[in-house]
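*Asks:* I'd like to ask you about the structure that follows.
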Amino acid sequence: MIIKKDQDEIQNYLTDASNTTGFCDAVYIPENVEELKDIVKGLNNSKTEITISGNRTGLTGASMPRGGVVISTEKFNRIIEINVEEKFAIVEPGVLLSELQNSVKTKGLLYPPDPTEKNCFIGGNIATNASGARTFKYGPTRNYVEELNVVLADGDSIHLVRGKNIAKDFSLTLTTDSGKNINLHIPQIKMPETKNASGYFCKKDMDAIDLFIGSEGTLGIITKIKLKLIPQPVNELSCVLFFESEEIGLNFLIKAREETYRNHIEKNTDGIDAIVLEFYDGNSLDFLRKDFPNIPADAESAVWFEQECDNNEDQMLQLWINLFAEFGGNEEEAWFASTEKDKERLVEFRHAISVNTNEYMARHNVRKLGTDVAVPDNKLIEFYNSAKKLVEESKIHYLNYGHFGNSHMHLNMLPKNEEEFAKGKKLYQSICELAIKMGGTFSAEHGVGKNKTEYLVKMYGEENVNKMRMIKKTLDSNYILSVGNIFKKGNL
């Protein structure tokens, strides 16, 4: 057990990737489950608030304490087992995503969830139901979580196995490792038909494990995880295509998405079937030109796609080139990755925009103003144009990019000063409210954290949010775990 109380020693635990800051009295770093349980029991008895900290790569302030103590999961960092035959991995929450992905790849397996930030902890991914570019085909983290071991707020623990504990309508009973039964009522909430990481997962006849996935540390502390793996693809086609306007790029992406959906329905394995469909507007390309000077000078948008191939890469590439040509694309200016190094360069291209944006915000000492909104597919173009109009009228510089295959948009405003930041916050609110109005979500993959609690009420209504809050209160009677995440602090 390591305990840090000197303020100089704990500063690294008080800032996250969004430049949100916090404060606390101490940082506890347990090295095993028994130490963790003892800490939690003592803090629960004294009603001391606990903030759970992973690698602090989040963008919502969730790991930033507002007093009390921090419990860091950094010592829970073992890959316990990778089972090749049954295709699963058992890991602790402090394992880096990059470490897990690299480890399973050497055994011919793939862990599909692919958040942009590779230095995140697996526990943090589960806490937010993280996703990323590959979610277009494979879905979010939730789809790969088979078992969880969780320490609850009173120091008791629970082992959750997918398929073993299903709610009866909207009533769910949890049985802890000590034999205690906890009865929960799941609110009847209409969840959006999009990627969504906003509040607790609430559905009729839901699996108990899904309540904890995406709960942002408010219901318990994850100590062990069993994850489903899939076979590593034989080969992948990866390309960035450039277009002379944003409209043409968006229309190309939508056509590629429609082709992918149609081939899924028809079970056609010889057609376009994207893993990844990412979009970049003209401002995003300008923002990247310094690092990638070979971006065509006249390009106003780009689409990055990936597709799995067996031994038919040439055939698949020709299908994409044909579709590209329908939209006036110049094959000579496209980036086709033919080697592993080329593929890594394209991934670097995607990741660079997020890294550069975070660096910009830190340099100007303002919090990140990047949306995490998603809307139903049939609303994407309308939403894109409306959001673009709002921000351009403000004269604040911005970038618009993201997982457009999932109609999931990261519009990042780049304020130069506090005055522009204040104006940008109002724009951010307008864009989130517009997404909600269109049947979408204000948070598709980053979670609610401490910075977006007001939008949860706008999305689900105060009555339903209060019902969610009662789930927390039942599992955490002294209200000590990750206070301020998902629900505004002080509102019980």
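Chain labels run A, B, ... following the order of the structure tokens; each chain numbers its residues from 1, and ligands are numbered from 1 in the order shown.
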Might you pull out every residue within 12 Å of Asn294 (chain A), with only C-alpha atoms counted and same-chain residues fewer than 6 positions away left off, and present them as a PDB file with N, CA and C atoms, in the first residue's frame?

*Replies:*
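part_14.pdb written:
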```pdb
ATOM      1  N   VAL A 240      -6.926   6.746 -46.811  1.00  0.00           N
ATOM      2  CA  VAL A 240      -7.498   8.076 -46.622  1.00  0.00           C
ATOM      3  C   VAL A 240      -7.758   8.658 -48.008  1.00  0.00           C
ATOM      4  N   PHE A 242      -9.351  11.937 -50.277  1.00  0.00           N
ATOM      5  CA  PHE A 242      -9.545  13.386 -50.174  1.00  0.00           C
ATOM      6  C   PHE A 242     -10.586  13.855 -51.187  1.00  0.00           C
ATOM      7  N   LEU A 285      -8.073  19.365 -41.778  1.00  0.00           N
ATOM      8  CA  LEU A 285      -6.933  19.111 -42.668  1.00  0.00           C
ATOM      9  C   LEU A 285      -5.907  20.246 -42.563  1.00  0.00           C
ATOM     10  N   ASP A 286      -6.390  21.495 -42.491  1.00  0.00           N
ATOM     11  CA  ASP A 286      -5.458  22.620 -42.319  1.00  0.00           C
ATOM     12  C   ASP A 286      -4.679  22.491 -41.018  1.00  0.00           C
ATOM     13  N   LEU A 288      -3.735  19.867 -39.619  1.00  0.00           N
ATOM     14  CA  LEU A 288      -2.792  18.750 -39.686  1.00  0.00           C
ATOM     15  C   LEU A 288      -1.691  18.935 -40.730  1.00  0.00           C
ATOM     16  N   GLU A 332      -4.808   9.418 -57.557  1.00  0.00           N
ATOM     17  CA  GLU A 332      -3.389   9.719 -57.396  1.00  0.00           C
ATOM     18  C   GLU A 332      -3.097  10.440 -56.083  1.00  0.00           C
ATOM     19  N   GLU A 333      -4.091  11.127 -55.544  1.00  0.00           N
ATOM     20  CA  GLU A 333      -3.893  11.882 -54.308  1.00  0.00           C
ATOM     21  C   GLU A 333      -4.295  11.096 -53.056  1.00  0.00           C
ATOM     22  N   ALA A 334      -4.893   9.926 -53.253  1.00  0.00           N
ATOM     23  CA  ALA A 334      -5.339   9.125 -52.103  1.00  0.00           C
ATOM     24  C   ALA A 334      -4.153   8.450 -51.426  1.00  0.00           C
ATOM     25  N   TRP A 335      -4.319   8.191 -50.133  1.00  0.00           N
ATOM     26  CA  TRP A 335      -3.292   7.474 -49.368  1.00  0.00           C
ATOM     27  C   TRP A 335      -3.747   6.037 -49.178  1.00  0.00           C
ATOM     28  N   PHE A 349      -2.159   9.667 -38.311  1.00  0.00           N
ATOM     29  CA  PHE A 349      -2.901  10.795 -38.882  1.00  0.00           C
ATOM     30  C   PHE A 349      -4.190  11.023 -38.103  1.00  0.00           C
TER      31      PHE A 349
END
```

*Asks:* Might you pull out every residue within 9 Å of Phe383 (chain A), with only C-alpha atoms counted and same-chain residues fewer than 4 positions away left off, and present them as a list in words?

*Replies:*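 The neighbour list is Val375, Lys379, Ala387, Lys388, Ile431, Leu434, Ala435 and Met438 of chain A.
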
*Asks:* Can I get the residues of region 175-288 of chain A within 6 Å of region 128-136 of chain A, each with the closest pair of atoms and their distance in Å to one decimal, using only C-alpha atoms, sorted chain first then ascending number, as a tab-separated table?

*Replies:*
```
residue	atom	partner	partner_atom	distance
A:Ile213	CA	A:Asn129	CA	5.9
A:Gly214	CA	A:Thr128	CA	4.1
A:Glu216	CA	A:Thr128	CA	5.6
A:Ile275	CA	A:Arg134	CA	5.6
A:Val276	CA	A:Arg134	CA	5.2
```

*Asks:* Export N, CA and C atoms of the chosen residues as a PDB file, in the first residue's frame?

*Replies:*
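Now in out.pdb:
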```pdb
ATOM      1  N   ILE A 213     -21.080  -1.250 -16.436  1.00  0.00           N
ATOM      2  CA  ILE A 213     -20.340  -0.753 -17.594  1.00  0.00           C
ATOM      3  C   ILE A 213     -20.891   0.634 -17.944  1.00  0.00           C
ATOM      4  N   GLY A 214     -20.028   1.634 -17.935  1.00  0.00           N
ATOM      5  CA  GLY A 214     -20.462   2.998 -18.202  1.00  0.00           C
ATOM      6  C   GLY A 214     -20.937   3.748 -16.976  1.00  0.00           C
ATOM      7  N   GLU A 216     -19.039   4.978 -14.587  1.00  0.00           N
ATOM      8  CA  GLU A 216     -18.067   6.036 -14.284  1.00  0.00           C
ATOM      9  C   GLU A 216     -17.609   6.057 -12.822  1.00  0.00           C
ATOM     10  N   ILE A 275     -14.829  -1.339 -41.590  1.00  0.00           N
ATOM     11  CA  ILE A 275     -14.614  -1.423 -40.141  1.00  0.00           C
ATOM     12  C   ILE A 275     -14.681  -0.015 -39.562  1.00  0.00           C
ATOM     13  N   VAL A 276     -14.074   0.923 -40.307  1.00  0.00           N
ATOM     14  CA  VAL A 276     -13.893   2.300 -39.871  1.00  0.00           C
ATOM     15  C   VAL A 276     -14.402   3.227 -40.966  1.00  0.00           C
TER      16      VAL A 276
END
```

*Asks:* What residues in region 121-184 of chain A get the DSSP label strand (DSSP E)? Please answer as a PyMOL selection string.

*Replies:* chain A and resi 145-151+157-161+171-175+181-184

*Asks:* Env of Met191 (chain A): 9 Å cut, atoms = only C-alpha atoms, seq-sep filter 4 positions within chain, self excluded. Answer as a compact mmCIF listing (two decimals) with C-alpha atoms, in the first residue's frame.

*Replies:*
```
# COMPACT_ATOMS: atom_id res chain seq x y z
CA ASN A 196 -24.37 6.35 -26.11
CA PHE A 201 -27.62 1.63 -19.02
CA CYS A 202 -31.32 1.11 -18.33
CA LYS A 203 -33.46 -1.38 -20.24
CA GLY A 440 -29.35 11.63 -30.22
CA THR A 441 -26.96 11.98 -27.30
CA TYR A 460 -33.68 12.18 -19.85
```

*Asks:* Determine which residues of region 17-220 of chain A DSSP labels as helix (DSSP H, G or I) from the backbone of this structure, then write them out as a PyMOL selection string.

*Replies:* chain A and resi 33-45+97-105+122-128+135-138+141-144+208-212

*Asks:* Near region 14-21 of chain A, within 9 Å and counting only C-alpha atoms, which residues show up once chain neighbours fewer than 4 positions away are dropped, as a list in words?

*Replies:*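 Near neighbours after the sequence-gap exclusion: Ile10, Asn55, Arg56, Thr57, Gly58, Leu59, Thr60, Gly61, Ala62, Ser63, Met64, Pro65, Asn358, Met361, Ala362, Asn365, Val366, Arg367, Lys368, Leu369 and Asn451 of chain A.
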
*Asks:* For those residues, write C-alpha atoms to a file as a PDB file, in the first residue's frame.

*Replies:*
```pdb
ATOM      1  CA  ILE A  10      -0.079  14.173  -5.823  1.00  0.00           C
ATOM      2  CA  ASN A  55      -4.556   6.928 -16.174  1.00  0.00           C
ATOM      3  CA  ARG A  56      -6.480  10.243 -16.297  1.00  0.00           C
ATOM      4  CA  THR A  57      -6.835  10.252 -20.079  1.00  0.00           C
ATOM      5  CA  GLY A  58     -10.540  11.133 -19.808  1.00  0.00           C
ATOM      6  CA  LEU A  59     -12.097  14.275 -21.244  1.00  0.00           C
ATOM      7  CA  THR A  60     -14.930  14.933 -18.783  1.00  0.00           C
ATOM      8  CA  GLY A  61     -13.254  15.504 -15.416  1.00  0.00           C
ATOM      9  CA  ALA A  62     -14.496  12.143 -14.067  1.00  0.00           C
ATOM     10  CA  SER A  63     -11.182  11.257 -12.426  1.00  0.00           C
ATOM     11  CA  MET A  64     -10.705  14.719 -10.921  1.00  0.00           C
ATOM     12  CA  PRO A  65     -11.462  14.833  -7.160  1.00  0.00           C
ATOM     13  CA  ASN A 358      -5.422  18.759 -26.437  1.00  0.00           C
ATOM     14  CA  MET A 361      -6.077  23.740 -25.080  1.00  0.00           C
ATOM     15  CA  ALA A 362      -3.271  23.209 -22.570  1.00  0.00           C
ATOM     16  CA  ASN A 365      -4.857  27.223 -20.494  1.00  0.00           C
ATOM     17  CA  VAL A 366      -8.519  26.589 -21.259  1.00  0.00           C
ATOM     18  CA  ARG A 367     -10.612  23.447 -20.870  1.00  0.00           C
ATOM     19  CA  LYS A 368     -11.365  21.329 -23.904  1.00  0.00           C
ATOM     20  CA  LEU A 369     -14.449  22.412 -25.849  1.00  0.00           C
ATOM     21  CA  ASN A 451     -18.348  18.526 -16.750  1.00  0.00           C
TER      22      ASN A 451
END
```

*Asks:* Do a neighbour search on region 71-86 of chain A at 10 Å with only C-alpha atoms, toss out local chain neighbours closer than 6 positions, and write the hits as a ChimeraX atom specification.

*Replies:* /A:1-3,13,26-33,36,39-40,50-56,63,92-96,99-100,103-104,107-109,121-124,221-231

*Asks:* Here is a test: counting only C-alpha atoms, which residue of A:Leu346, A:Leu250, A:Leu317, A:Val150 is nearest to Glu300 (chain A)?

*Replies:*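 When distances to Glu300 (chain A) are compared using only C-alpha atoms, the smallest one comes from A:Leu250.
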
*Asks:* Just want the 10 Å neighbourhood of Lys473 (chain A), counted on only C-alpha atoms, with same-chain residues fewer than 5 positions away dropped. Output as a count of residues only.

*Replies:* 8
